[in-house]
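**Student:** My file is run_28.cif. It has mmCIF, C-alpha atoms and all ligand atoms:
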```cif
data_data
loop_
_atom_site.group_PDB
_atom_site.id
_atom_site.type_symbol
_atom_site.label_atom_id
_atom_site.label_comp_id
_atom_site.auth_asym_id
_atom_site.auth_seq_id
_atom_site.Cartn_x
_atom_site.Cartn_y
_atom_site.Cartn_z
ATOM 1 C CA LYS A 1 -24.973 -24.763 -0.798
ATOM 2 C CA ARG A 2 -22.946 -27.263 1.263
ATOM 3 C CA HIS A 3 -19.378 -25.911 0.913
ATOM 4 C CA LEU A 4 -17.598 -22.568 0.494
ATOM 5 C CA ILE A 5 -14.475 -23.274 -1.549
ATOM 6 C CA SER A 6 -14.279 -20.356 -3.997
ATOM 7 C CA ALA A 7 -15.770 -16.881 -4.282
ATOM 8 C CA ALA A 8 -16.684 -17.936 -7.836
ATOM 9 C CA ASP A 9 -19.217 -20.397 -6.357
ATOM 10 C CA LEU A 10 -21.274 -17.486 -5.017
ATOM 11 C CA SER A 11 -23.998 -15.927 -7.154
ATOM 12 C CA ARG A 12 -24.897 -12.291 -6.481
ATOM 13 C CA ASP A 13 -27.915 -13.498 -4.466
ATOM 14 C CA ASP A 14 -25.760 -15.926 -2.431
ATOM 15 C CA ALA A 15 -23.232 -13.193 -1.634
ATOM 16 C CA LEU A 16 -25.931 -10.680 -0.685
ATOM 17 C CA LEU A 17 -27.622 -13.276 1.548
ATOM 18 C CA ILE A 18 -24.338 -13.814 3.441
ATOM 19 C CA LEU A 19 -23.726 -10.058 3.775
ATOM 20 C CA ASP A 20 -27.323 -9.388 4.871
ATOM 21 C CA THR A 21 -27.133 -12.241 7.415
ATOM 22 C CA ALA A 22 -23.857 -10.778 8.722
ATOM 23 C CA ASP A 23 -25.650 -7.414 9.072
ATOM 24 C CA GLU A 24 -28.396 -9.094 11.136
ATOM 25 C CA LEU A 25 -25.788 -10.793 13.326
ATOM 26 C CA ALA A 26 -23.916 -7.488 13.788
ATOM 27 C CA LYS A 27 -27.163 -5.820 14.901
ATOM 28 C CA ILE A 28 -27.782 -8.634 17.399
ATOM 29 C CA SER A 29 -24.270 -8.305 18.809
ATOM 30 C CA GLU A 30 -24.634 -4.500 19.025
ATOM 31 C CA ARG A 31 -27.521 -5.223 21.403
ATOM 32 C CA SER A 32 -24.917 -6.826 23.722
ATOM 33 C CA ILE A 33 -26.171 -10.335 22.906
ATOM 34 C CA LYS A 34 -22.892 -12.208 22.787
ATOM 35 C CA LYS A 35 -24.051 -15.763 22.215
ATOM 36 C CA LEU A 36 -26.787 -17.394 20.120
ATOM 37 C CA PRO A 37 -27.884 -21.023 20.646
ATOM 38 C CA THR A 38 -28.449 -21.571 16.921
ATOM 39 C CA LEU A 39 -25.683 -24.173 16.270
ATOM 40 C CA ARG A 40 -25.933 -25.950 19.628
ATOM 41 C CA GLY A 41 -24.941 -29.603 19.280
ATOM 42 C CA ARG A 42 -23.006 -29.032 16.023
ATOM 43 C CA THR A 43 -19.232 -29.470 15.759
ATOM 44 C CA VAL A 44 -16.880 -27.201 13.794
ATOM 45 C CA VAL A 45 -13.294 -28.375 13.232
ATOM 46 C CA ASN A 46 -10.633 -25.784 12.452
ATOM 47 C CA LEU A 47 -7.972 -27.624 10.436
ATOM 48 C CA PHE A 48 -4.934 -25.370 10.016
ATOM 49 C CA PHE A 49 -1.887 -26.612 8.117
ATOM 50 C CA GLU A 50 -0.539 -23.055 7.661
ATOM 51 C CA ASP A 51 -0.049 -20.306 10.229
ATOM 52 C CA SER A 52 -2.884 -17.878 10.885
ATOM 53 C CA THR A 53 -3.840 -15.335 13.515
ATOM 54 C CA ARG A 54 -6.990 -13.577 12.287
ATOM 55 C CA THR A 55 -8.733 -16.338 10.353
ATOM 56 C CA ARG A 56 -8.183 -19.116 12.892
ATOM 57 C CA ILE A 57 -9.216 -17.053 15.908
ATOM 58 C CA SER A 58 -12.210 -15.488 14.170
ATOM 59 C CA PHE A 59 -13.582 -18.837 12.985
ATOM 60 C CA GLU A 60 -13.228 -20.133 16.550
ATOM 61 C CA ALA A 61 -14.971 -17.040 17.963
ATOM 62 C CA ALA A 62 -17.693 -17.250 15.278
ATOM 63 C CA ALA A 63 -18.471 -20.913 15.974
ATOM 64 C CA LYS A 64 -18.494 -20.356 19.753
ATOM 65 C CA ARG A 65 -20.814 -17.341 19.476
ATOM 66 C CA LEU A 66 -23.249 -19.640 17.652
ATOM 67 C CA SER A 67 -22.861 -22.226 20.468
ATOM 68 C CA ALA A 68 -21.176 -24.867 18.275
ATOM 69 C CA ASP A 69 -18.543 -27.171 19.767
ATOM 70 C CA VAL A 70 -15.120 -26.290 18.349
ATOM 71 C CA ILE A 71 -12.124 -28.557 17.783
ATOM 72 C CA ASN A 72 -8.911 -26.755 16.859
ATOM 73 C CA PHE A 73 -6.323 -28.735 14.941
ATOM 74 C CA SER A 74 -2.991 -27.364 13.836
ATOM 75 C CA ALA A 75 -0.570 -29.456 11.805
ATOM 76 C CA LYS A 76 2.269 -28.487 14.145
ATOM 77 C CA GLY A 77 2.268 -31.021 16.999
ATOM 78 C CA SER A 78 -0.062 -33.459 15.173
ATOM 79 C CA SER A 79 0.578 -36.807 13.445
ATOM 80 C CA VAL A 80 1.057 -34.863 10.174
ATOM 81 C CA SER A 81 4.707 -34.659 11.341
ATOM 82 C CA LYS A 82 4.770 -38.501 11.190
ATOM 83 C CA GLY A 83 3.674 -38.382 7.558
ATOM 84 C CA GLU A 84 -0.112 -38.728 7.956
ATOM 85 C CA SER A 85 -1.880 -37.557 4.802
ATOM 86 C CA LEU A 86 -4.575 -34.885 4.481
ATOM 87 C CA LYS A 87 -7.108 -37.587 3.632
ATOM 88 C CA ASP A 88 -6.334 -39.719 6.702
ATOM 89 C CA THR A 89 -6.279 -36.624 8.922
ATOM 90 C CA ALA A 90 -9.670 -35.596 7.519
ATOM 91 C CA LEU A 91 -11.200 -39.067 7.977
ATOM 92 C CA THR A 92 -9.965 -39.113 11.592
ATOM 93 C CA LEU A 93 -11.701 -35.799 12.270
ATOM 94 C CA GLU A 94 -14.786 -36.998 10.416
ATOM 95 C CA ALA A 95 -14.962 -40.002 12.754
ATOM 96 C CA MET A 96 -15.116 -37.504 15.632
ATOM 97 C CA GLY A 97 -18.302 -36.040 14.122
ATOM 98 C CA ALA A 98 -17.387 -32.809 12.327
ATOM 99 C CA ASP A 99 -20.394 -30.986 10.853
ATOM 100 C CA ALA A 100 -18.086 -28.403 9.269
ATOM 101 C CA VAL A 101 -14.369 -28.408 8.548
ATOM 102 C CA VAL A 102 -12.633 -25.048 8.152
ATOM 103 C CA ILE A 103 -9.347 -25.670 6.352
ATOM 104 C CA ARG A 104 -6.239 -23.607 5.691
ATOM 105 C CA HIS A 105 -3.586 -25.373 3.634
ATOM 106 C CA GLY A 106 -0.464 -24.422 1.689
ATOM 107 C CA ALA A 107 -1.595 -26.409 -1.356
ATOM 108 C CA SER A 108 -4.050 -24.727 -3.749
ATOM 109 C CA GLY A 109 -6.988 -27.121 -4.178
ATOM 110 C CA ALA A 110 -6.726 -28.845 -0.759
ATOM 111 C CA PRO A 111 -10.260 -27.737 0.348
ATOM 112 C CA HIS A 112 -11.692 -29.046 -2.937
ATOM 113 C CA ARG A 113 -10.067 -32.459 -2.342
ATOM 114 C CA LEU A 114 -11.265 -32.480 1.262
ATOM 115 C CA ALA A 115 -14.862 -31.873 0.143
ATOM 116 C CA GLY A 116 -14.727 -35.197 -1.679
ATOM 117 C CA TRP A 117 -13.710 -37.091 1.465
ATOM 118 C CA VAL A 118 -15.901 -35.760 4.270
ATOM 119 C CA ARG A 119 -19.670 -35.642 4.770
ATOM 120 C CA GLY A 120 -19.686 -32.240 6.518
ATOM 121 C CA SER A 121 -19.414 -28.767 5.003
ATOM 122 C CA VAL A 122 -15.955 -27.583 3.946
ATOM 123 C CA VAL A 123 -14.983 -23.914 4.286
ATOM 124 C CA ASN A 124 -11.827 -22.688 2.576
ATOM 125 C CA ALA A 125 -9.847 -20.535 5.039
ATOM 126 C CA GLY A 126 -7.057 -19.934 2.501
ATOM 127 C CA ASP A 127 -5.445 -22.475 0.136
ATOM 128 C CA GLY A 128 -1.995 -21.738 -1.240
ATOM 129 C CA THR A 129 -2.104 -18.878 -3.742
ATOM 130 C CA HIS A 130 -5.623 -19.849 -4.847
ATOM 131 C CA GLU A 131 -8.475 -18.383 -2.745
ATOM 132 C CA HIS A 132 -9.577 -16.990 0.610
ATOM 133 C CA PRO A 133 -13.342 -16.501 0.107
ATOM 134 C CA THR A 134 -14.277 -15.528 3.678
ATOM 135 C CA GLN A 135 -11.627 -12.769 3.586
ATOM 136 C CA ALA A 136 -13.310 -11.397 0.441
ATOM 137 C CA LEU A 137 -16.705 -11.599 2.165
ATOM 138 C CA LEU A 138 -15.501 -9.721 5.254
ATOM 139 C CA ASP A 139 -13.840 -7.146 2.998
ATOM 140 C CA ALA A 140 -17.071 -6.655 1.017
ATOM 141 C CA PHE A 141 -19.011 -6.434 4.301
ATOM 142 C CA THR A 142 -16.584 -3.750 5.551
ATOM 143 C CA MET A 143 -16.839 -1.762 2.278
ATOM 144 C CA ARG A 144 -20.639 -1.940 2.344
ATOM 145 C CA ARG A 145 -20.777 -0.671 5.937
ATOM 146 C CA ARG A 146 -18.520 2.293 5.118
ATOM 147 C CA LEU A 147 -19.695 3.106 1.579
ATOM 148 C CA GLY A 148 -23.129 1.533 1.012
ATOM 149 C CA PRO A 149 -23.955 -0.757 -1.962
ATOM 150 C CA LEU A 150 -20.919 -1.792 -4.012
ATOM 151 C CA ASP A 151 -22.424 -1.402 -7.515
ATOM 152 C CA GLY A 152 -20.180 0.955 -9.501
ATOM 153 C CA ARG A 153 -17.717 1.446 -6.632
ATOM 154 C CA ARG A 154 -14.081 1.568 -7.704
ATOM 155 C CA VAL A 155 -11.792 -0.764 -5.774
ATOM 156 C CA THR A 156 -8.026 -0.712 -6.325
ATOM 157 C CA ILE A 157 -6.011 -3.705 -5.110
ATOM 158 C CA VAL A 158 -2.281 -3.022 -4.883
ATOM 159 C CA GLY A 159 0.835 -5.145 -4.594
ATOM 160 C CA ASP A 160 1.780 -8.806 -4.610
ATOM 161 C CA VAL A 161 -1.188 -10.114 -6.596
ATOM 162 C CA LEU A 162 0.814 -13.114 -7.838
ATOM 163 C CA HIS A 163 0.893 -14.798 -4.425
ATOM 164 C CA SER A 164 -2.393 -13.396 -3.111
ATOM 165 C CA ARG A 165 -5.404 -15.630 -2.571
ATOM 166 C CA VAL A 166 -7.039 -12.528 -1.046
ATOM 167 C CA ALA A 167 -6.742 -10.622 -4.344
ATOM 168 C CA ARG A 168 -8.202 -13.447 -6.429
ATOM 169 C CA SER A 169 -11.193 -13.976 -4.122
ATOM 170 C CA ASN A 170 -11.797 -10.229 -3.902
ATOM 171 C CA VAL A 171 -11.716 -9.748 -7.680
ATOM 172 C CA LEU A 172 -14.239 -12.564 -8.130
ATOM 173 C CA LEU A 173 -16.599 -11.493 -5.349
ATOM 174 C CA LEU A 174 -16.422 -7.747 -5.981
ATOM 175 C CA SER A 175 -17.143 -8.170 -9.693
ATOM 176 C CA THR A 176 -20.148 -10.363 -8.773
ATOM 177 C CA LEU A 177 -21.322 -7.521 -6.516
ATOM 178 C CA GLY A 178 -20.994 -4.932 -9.316
ATOM 179 C CA ALA A 179 -17.802 -3.144 -8.226
ATOM 180 C CA GLU A 180 -15.100 -2.116 -10.721
ATOM 181 C CA VAL A 181 -11.753 -3.561 -9.662
ATOM 182 C CA THR A 182 -8.314 -2.374 -10.788
ATOM 183 C CA LEU A 183 -5.154 -4.298 -9.888
ATOM 184 C CA VAL A 184 -1.932 -2.318 -9.528
ATOM 185 C CA ALA A 185 1.296 -4.315 -9.303
ATOM 186 C CA PRO A 186 4.767 -4.654 -10.759
ATOM 187 C CA PRO A 187 4.545 -6.861 -13.894
ATOM 188 C CA THR A 188 6.579 -9.574 -12.113
ATOM 189 C CA LEU A 189 3.979 -9.794 -9.325
ATOM 190 C CA LEU A 190 0.939 -10.355 -11.574
ATOM 191 C CA PRO A 191 -0.242 -13.878 -12.511
ATOM 192 C CA VAL A 192 0.077 -14.791 -16.196
ATOM 193 C CA THR A 193 -3.679 -15.510 -16.281
ATOM 194 C CA VAL A 194 -4.648 -11.995 -15.120
ATOM 195 C CA ASP A 195 -6.001 -11.043 -18.582
ATOM 196 C CA SER A 196 -8.883 -13.465 -18.010
ATOM 197 C CA TRP A 197 -9.783 -11.981 -14.586
ATOM 198 C CA PRO A 198 -12.844 -9.673 -14.414
ATOM 199 C CA CYS A 199 -10.806 -6.517 -13.667
ATOM 200 C CA GLU A 200 -8.500 -3.850 -15.098
ATOM 201 C CA VAL A 201 -4.713 -3.783 -14.633
ATOM 202 C CA SER A 202 -2.481 -0.726 -14.152
ATOM 203 C CA TYR A 203 1.194 -0.237 -13.338
ATOM 204 C CA ASP A 204 0.807 3.349 -12.144
ATOM 205 C CA LEU A 205 -0.642 3.729 -8.640
ATOM 206 C CA ASP A 206 -0.588 7.537 -8.666
ATOM 207 C CA THR A 207 -2.994 7.834 -11.612
ATOM 208 C CA VAL A 208 -5.447 5.300 -10.142
ATOM 209 C CA LEU A 209 -5.617 6.669 -6.567
ATOM 210 C CA PRO A 210 -7.790 9.784 -7.226
ATOM 211 C CA LYS A 211 -10.459 7.596 -8.893
ATOM 212 C CA SER A 212 -10.579 4.958 -6.127
ATOM 213 C CA ASP A 213 -13.270 4.548 -3.462
ATOM 214 C CA VAL A 214 -11.268 1.758 -1.826
ATOM 215 C CA VAL A 215 -7.511 1.146 -1.857
ATOM 216 C CA MET A 216 -6.661 -2.341 -0.637
ATOM 217 C CA MET A 217 -2.987 -2.937 0.039
ATOM 218 C CA LEU A 218 -1.658 -6.518 -0.129
ATOM 219 C CA ARG A 219 1.101 -8.020 1.952
ATOM 220 C CA VAL A 220 4.320 -8.668 0.080
ATOM 221 C CA GLN A 221 4.641 -12.439 0.625
ATOM 222 C CA ARG A 222 8.393 -12.822 0.795
ATOM 223 C CA GLU A 223 8.071 -16.394 2.071
ATOM 224 C CA ARG A 224 6.491 -17.450 -1.251
ATOM 225 C CA MET A 225 8.829 -15.390 -3.422
ATOM 226 C CA ASN A 226 11.827 -16.046 -5.621
ATOM 227 C CA ALA A 227 14.139 -13.143 -4.713
ATOM 228 C CA ALA A 228 15.150 -12.743 -8.360
ATOM 229 C CA PHE A 229 11.628 -11.488 -9.208
ATOM 230 C CA PHE A 230 11.443 -8.913 -6.465
ATOM 231 C CA PRO A 231 12.571 -5.271 -6.607
ATOM 232 C CA THR A 232 14.449 -3.934 -3.558
ATOM 233 C CA GLU A 233 12.240 -3.028 -0.576
ATOM 234 C CA ARG A 234 13.043 0.645 -1.046
ATOM 235 C CA GLU A 235 12.170 0.512 -4.759
ATOM 236 C CA TYR A 236 8.947 -1.398 -4.020
ATOM 237 C CA SER A 237 7.857 1.133 -1.369
ATOM 238 C CA ARG A 238 8.687 4.050 -3.625
ATOM 239 C CA ARG A 239 6.561 2.759 -6.516
ATOM 240 C CA TYR A 240 3.802 0.768 -4.819
ATOM 241 C CA GLY A 241 3.785 1.695 -1.104
ATOM 242 C CA LEU A 242 0.903 3.709 0.377
ATOM 243 C CA ASP A 243 2.327 6.651 2.322
ATOM 244 C CA ARG A 244 0.903 9.990 3.483
ATOM 245 C CA ASP A 245 1.680 11.767 0.193
ATOM 246 C CA ARG A 246 -0.168 9.136 -1.807
ATOM 247 C CA VAL A 247 -3.162 9.131 0.566
ATOM 248 C CA ALA A 248 -3.431 12.902 -0.055
ATOM 249 C CA LYS A 249 -4.328 12.044 -3.677
ATOM 250 C CA MET A 250 -7.379 10.014 -2.594
ATOM 251 C CA HIS A 251 -10.818 11.618 -2.334
ATOM 252 C CA ASP A 252 -12.097 12.524 1.129
ATOM 253 C CA ASP A 253 -14.410 9.525 1.648
ATOM 254 C CA ALA A 254 -12.118 6.857 0.187
ATOM 255 C CA ILE A 255 -10.975 4.104 2.547
ATOM 256 C CA VAL A 256 -7.745 2.148 3.000
ATOM 257 C CA MET A 257 -7.852 -1.613 3.611
ATOM 258 C CA HIS A 258 -5.323 -4.366 4.311
ATOM 259 C CA PRO A 259 -6.161 -8.015 5.086
ATOM 260 C CA GLY A 260 -3.202 -8.346 7.492
ATOM 261 C CA PRO A 261 -0.653 -9.304 8.511
ATOM 262 C CA MET A 262 1.036 -6.051 7.410
ATOM 263 C CA ASN A 263 4.621 -5.204 6.598
ATOM 264 C CA ARG A 264 4.447 -1.721 8.128
ATOM 265 C CA GLY A 265 6.767 0.655 6.339
ATOM 266 C CA MET A 266 6.844 -1.468 3.196
ATOM 267 C CA GLU A 267 3.477 -1.768 1.402
ATOM 268 C CA ILE A 268 1.798 0.616 3.886
ATOM 269 C CA ALA A 269 3.171 3.402 6.110
ATOM 270 C CA ALA A 270 2.387 2.975 9.822
ATOM 271 C CA GLU A 271 0.650 6.372 9.982
ATOM 272 C CA VAL A 272 -1.650 5.348 7.087
ATOM 273 C CA ALA A 273 -2.462 1.974 8.695
ATOM 274 C CA ASP A 274 -3.452 3.768 11.925
ATOM 275 C CA SER A 275 -5.349 6.662 10.300
ATOM 276 C CA PRO A 276 -9.162 7.196 10.404
ATOM 277 C CA ARG A 277 -9.412 6.140 6.734
ATOM 278 C CA SER A 278 -8.016 2.744 7.592
ATOM 279 C CA THR A 279 -10.529 -0.081 8.150
ATOM 280 C CA ILE A 280 -7.887 -2.629 9.173
ATOM 281 C CA VAL A 281 -9.146 -3.149 12.733
ATOM 282 C CA GLU A 282 -12.795 -3.068 11.572
ATOM 283 C CA GLN A 283 -11.958 -5.802 9.045
ATOM 284 C CA VAL A 284 -10.839 -8.075 11.890
ATOM 285 C CA ALA A 285 -14.025 -7.434 13.925
ATOM 286 C CA ASN A 286 -16.172 -7.878 10.804
ATOM 287 C CA GLY A 287 -14.383 -11.185 10.145
ATOM 288 C CA VAL A 288 -16.088 -12.734 13.168
ATOM 289 C CA THR A 289 -19.561 -11.569 12.112
ATOM 290 C CA THR A 290 -19.093 -12.604 8.482
ATOM 291 C CA ARG A 291 -17.794 -16.043 9.454
ATOM 292 C CA MET A 292 -20.753 -16.455 11.820
ATOM 293 C CA ALA A 293 -23.015 -15.808 8.814
ATOM 294 C CA VAL A 294 -21.168 -18.376 6.678
ATOM 295 C CA LEU A 295 -21.318 -21.101 9.359
ATOM 296 C CA TYR A 296 -24.940 -20.271 10.155
ATOM 297 C CA LEU A 297 -26.028 -20.526 6.506
ATOM 298 C CA LEU A 298 -23.973 -23.642 5.663
ATOM 299 C CA LEU A 299 -25.087 -25.537 8.766
ATOM 300 C CA GLY A 300 -28.714 -24.442 8.510
ATOM 301 C CA GLY A 301 -28.906 -22.803 11.921
ATOM 302 C CA ALA A 302 -32.233 -22.170 13.630
ATOM 303 C CA ASP A 303 -34.089 -18.952 12.822
ATOM 304 C CA LEU A 304 -32.225 -15.949 14.197
ATOM 305 C CA GLY A 305 -35.314 -13.993 15.261
ATOM 306 C CA GLY A 306 -36.743 -16.674 17.521
ATOM 307 C CA GLU A 307 -33.454 -17.895 18.936
ATOM 308 C CA ILE A 308 -32.032 -14.880 20.666
ATOM 309 C CA GLN A 309 -31.144 -15.403 24.326
HETATM 310 N N1 LIG A 401 -5.964 -12.060 6.638
HETATM 311 C C1 LIG A 401 -5.593 -13.285 7.072
HETATM 312 O O1 LIG A 401 -5.942 -14.318 6.484
HETATM 313 O O2 LIG A 401 -4.810 -13.300 8.201
HETATM 314 P P1 LIG A 401 -4.243 -14.594 8.938
HETATM 315 O O3 LIG A 401 -3.219 -15.229 8.021
HETATM 316 O O4 LIG A 401 -3.630 -14.080 10.213
HETATM 317 O O5 LIG A 401 -5.391 -15.535 9.188
#
```
Could you take the file, read its structure, and then write that structure out as structure tokens?

**Tutor:**
Amino acid sequence: KRHLISAADLSRDDALLILDTADELAKISERSIKKLPTLRGRTVVNLFFEDSTRTRISFEAAAKRLSADVINFSAKGSSVSKGESLKDTALTLEAMGADAVVIRHGASGAPHRLAGWVRGSVVNAGDGTHEHPTQALLDAFTMRRRLGPLDGRRVTIVGDVLHSRVARSNVLLLSTLGAEVTLVAPPTLLPVTVDSWPCEVSYDLDTVLPKSDVVMMLRVQRERMNAAFFPTEREYSRRYGLDRDRVAKMHDDAIVMHPGPMNRGMEIAAEVADSPRSTIVEQVANGVTTRMAVLYLLLGGADLGGEIQ
């Protein structure tokens, strides 16, 4: 495959190949080998039109650990402020020789449009409320490391599903990998199309928690929200927040996830976010390894076994 735009583009075999490659890369890095020469001479452009901490930094770290040259572009401070379009911005970067363009954009569908304009590979790093496929891959990688194969595992995704590209990509990828996903959200924070998604829906977190192997909390995205559709913060936390009392209902091996950034004290209590069940910091570390695997596979890097320095 040339691009990674949607988790729906990945077959089970594709997804397992990425996760297995990430496992290989993790093993190499556990042997204190920090840098591989496999993408030497290739250029990765990080094209960020929306703010990001984790995704932007981890794509940069991933490309550098594979010895690619990295160009970081953020819309702030660029000629986008003078009205330059996405297409002209992309063609400018293309002229500088991008082999891969990693794009985050506020408009759903921007990576798909970009793929029609550039010769290199396009990786979706989050587009509007649509998808964030590498987040779903790093989440699946994290679950697999903690719990083993995902077939039959029960994953509960809680909160602002309506605005969450993370939820959509996770539902698609996890169902491809054989997990059973349940979404828990207030009715006003579910998309109208949710009936066609490959998952169950519940409005009662307390009945779902004891059956869950994974509880993934979503950030409440107030910046994308019409206040009229949102309950008060206190009401939201009371019904959908993950606090110590709710965690006590989970089984002993179940894990707590959050893609970040978190609203501590709202969708997740600070003591839960920092507890041993929480994989939140592991998710960030696994993001680098998983994104290395994606860049390696899309750009056809040299064989890992023979290329270790
Ligand atoms: N999880 C995630 O996408 O975080 P950033 O917005 O910081 O990249």

**Student:** Could you check which of A:Leu86, A:Val194, A:Ala95, A:Met217 is closest to Phe49 (chain A), using all atoms listed in the file?

**Tutor:**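 So, comparing all the options, the nearest one is A:Leu86.
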
**Student:** Report, in Å to a single decimal, how far apart CA of Gly77 (chain A) and CA of Thr53 (chain A) are.

**Tutor:**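 Computing the Euclidean distance for CA of Thr53 (chain A) and CA of Gly77 (chain A) yields 17.2 Å.
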
**Student:** Can you pull out every residue with an atom within 7 Å of ligand LIG 401 (chain A)? Use all atoms listed in the file and format it as a list in words.

**Tutor:**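 Residues satisfying the distance criterion: Asp51, Ser52, Thr53, Arg54, Thr55, Arg56, Gly126, Gln135, Pro259, Gly260 and Pro261 of chain A.
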
**Student:** From the list A:Asn72, A:Thr92, A:Asn124, A:Ser78, which residue is nearest Arg104 (chain A) when using all atoms listed in the file?

**Tutor:**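 Going through A:Asn72, A:Thr92, A:Asn124, A:Ser78 one by one, the smallest distance to Arg104 (chain A) is for A:Asn124.
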
**Student:** Taking the file as shown, what set of residues would the PyMOL selection byres (((chain A and resi 112) around 12) and not hetatm) give back, as a ChimeraX atom specification?

**Tutor:** /A:3-6,9,86-87,101-105,107-111,113-118,121-127,130-131

**Student:** Counting all atoms listed in the file, which residue out of A:Gly106, A:Gly265, A:Gly241, A:Pro186 sits closest to Leu209 (chain A)?

**Tutor:**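 Nearest to Leu209 (chain A): A:Gly241.
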
**Student:** Using CA of Gly178 (chain A) and CA of Gly128 (chain A) as the two end points, give the distance in Å to one decimal.

**Tutor:**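 Distance reported for this atom pair: 26.6 Å.
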
**Student:** Per residue of region 50-111 of chain A within 12 Å of region 13-27 of chain A, record the nearest atom pair and its distance in Å to one decimal, counting all atoms listed in the file, with rows in chain order and ascending residue number, as CSV.

**Tutor:**
```
residue,atom,partner,partner_atom,distance
A:Ala62,CA,A:Leu25,CA,10.5
A:Arg65,CA,A:Leu25,CA,10.3
A:Leu66,CA,A:Leu25,CA,10.2
```

**Student:** Excluding Val208 (chain A) and its own-chain neighbours fewer than 5 positions away, which residues fall within 9 Å of it when counting all atoms listed in the file? Please give them as a PyMOL selection string.

**Tutor:** chain A and resi 156+182+184+202

**Student:** I'd like the contact shell of Met250 (chain A) - 7 Å cut-off, all atoms listed in the file, skipping same-chain residues fewer than 2 positions apart - returned as a PyMOL selection string.

**Tutor:** chain A and resi 209-210+212+247-248+252+254

**Student:** Just the number, please: distance in Å from CA of Ser175 (chain A) to CA of Arg246 (chain A), one decimal.

**Tutor:** 25.5 Å

**Student:** Identify the residues around (-27.8, -20.4, 12.4) within a radius of 12 Å, measuring from only C-alpha atoms in the coordinates stated by the file, and give them as number ranges by chain.

**Tutor:** A: 18, 21-22, 24-25, 35-42, 62-68, 291-308

**Student:** Can those selected residues be exported to a file as a PDB file, keeping the file's coordinate frame so that it contains C-alpha atoms?

**Tutor:**
```pdb
ATOM      1  CA  ILE A  18     -24.338 -13.814   3.441  1.00  0.00           C
ATOM      2  CA  THR A  21     -27.133 -12.241   7.415  1.00  0.00           C
ATOM      3  CA  ALA A  22     -23.857 -10.778   8.722  1.00  0.00           C
ATOM      4  CA  GLU A  24     -28.396  -9.094  11.136  1.00  0.00           C
ATOM      5  CA  LEU A  25     -25.788 -10.793  13.326  1.00  0.00           C
ATOM      6  CA  LYS A  35     -24.051 -15.763  22.215  1.00  0.00           C
ATOM      7  CA  LEU A  36     -26.787 -17.394  20.120  1.00  0.00           C
ATOM      8  CA  PRO A  37     -27.884 -21.023  20.646  1.00  0.00           C
ATOM      9  CA  THR A  38     -28.449 -21.571  16.921  1.00  0.00           C
ATOM     10  CA  LEU A  39     -25.683 -24.173  16.270  1.00  0.00           C
ATOM     11  CA  ARG A  40     -25.933 -25.950  19.628  1.00  0.00           C
ATOM     12  CA  GLY A  41     -24.941 -29.603  19.280  1.00  0.00           C
ATOM     13  CA  ARG A  42     -23.006 -29.032  16.023  1.00  0.00           C
ATOM     14  CA  ALA A  62     -17.693 -17.250  15.278  1.00  0.00           C
ATOM     15  CA  ALA A  63     -18.471 -20.913  15.974  1.00  0.00           C
ATOM     16  CA  LYS A  64     -18.494 -20.356  19.753  1.00  0.00           C
ATOM     17  CA  ARG A  65     -20.814 -17.341  19.476  1.00  0.00           C
ATOM     18  CA  LEU A  66     -23.249 -19.640  17.652  1.00  0.00           C
ATOM     19  CA  SER A  67     -22.861 -22.226  20.468  1.00  0.00           C
ATOM     20  CA  ALA A  68     -21.176 -24.867  18.275  1.00  0.00           C
ATOM     21  CA  ARG A 291     -17.794 -16.043   9.454  1.00  0.00           C
ATOM     22  CA  MET A 292     -20.753 -16.455  11.820  1.00  0.00           C
ATOM     23  CA  ALA A 293     -23.015 -15.808   8.814  1.00  0.00           C
ATOM     24  CA  VAL A 294     -21.168 -18.376   6.678  1.00  0.00           C
ATOM     25  CA  LEU A 295     -21.318 -21.101   9.359  1.00  0.00           C
ATOM     26  CA  TYR A 296     -24.940 -20.271  10.155  1.00  0.00           C
ATOM     27  CA  LEU A 297     -26.028 -20.526   6.506  1.00  0.00           C
ATOM     28  CA  LEU A 298     -23.973 -23.642   5.663  1.00  0.00           C
ATOM     29  CA  LEU A 299     -25.087 -25.537   8.766  1.00  0.00           C
ATOM     30  CA  GLY A 300     -28.714 -24.442   8.510  1.00  0.00           C
ATOM     31  CA  GLY A 301     -28.906 -22.803  11.921  1.00  0.00           C
ATOM     32  CA  ALA A 302     -32.233 -22.170  13.630  1.00  0.00           C
ATOM     33  CA  ASP A 303     -34.089 -18.952  12.822  1.00  0.00           C
ATOM     34  CA  LEU A 304     -32.225 -15.949  14.197  1.00  0.00           C
ATOM     35  CA  GLY A 305     -35.314 -13.993  15.261  1.00  0.00           C
ATOM     36  CA  GLY A 306     -36.743 -16.674  17.521  1.00  0.00           C
ATOM     37  CA  GLU A 307     -33.454 -17.895  18.936  1.00  0.00           C
ATOM     38  CA  ILE A 308     -32.032 -14.880  20.666  1.00  0.00           C
TER      39      ILE A 308
END
```

**Student:** Quick one: of A:Arg234, A:Arg239, A:Arg277, A:His163, who's nearest to Val256 (chain A), counting all atoms listed in the file?

**Tutor:**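 Nearest candidate to Val256 (chain A) out of A:Arg234, A:Arg239, A:Arg277, A:His163: A:Arg277.
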
**Student:** Would you pick out the contacts of Val201 (chain A) at 12 Å or less, using only C-alpha atoms, so that residues sharing its chain but fewer than 3 positions from it are not included, and give the list as JSON, numbers by chain?

**Tutor:** {"A": [155, 156, 157, 158, 159, 161, 171, 180, 181, 182, 183, 184, 185, 186, 187, 189, 190, 191, 193, 194, 195, 196, 197, 198, 204, 205, 208]}

**Student:** Show which residues sit within 10 Å of Asp243 (chain A), as a PyMOL selection string. Count all atoms listed in the file, and ignore same-chain residues fewer than 2 positions away.

**Tutor:** chain A and resi 237-238+240-241+245-248+265-273
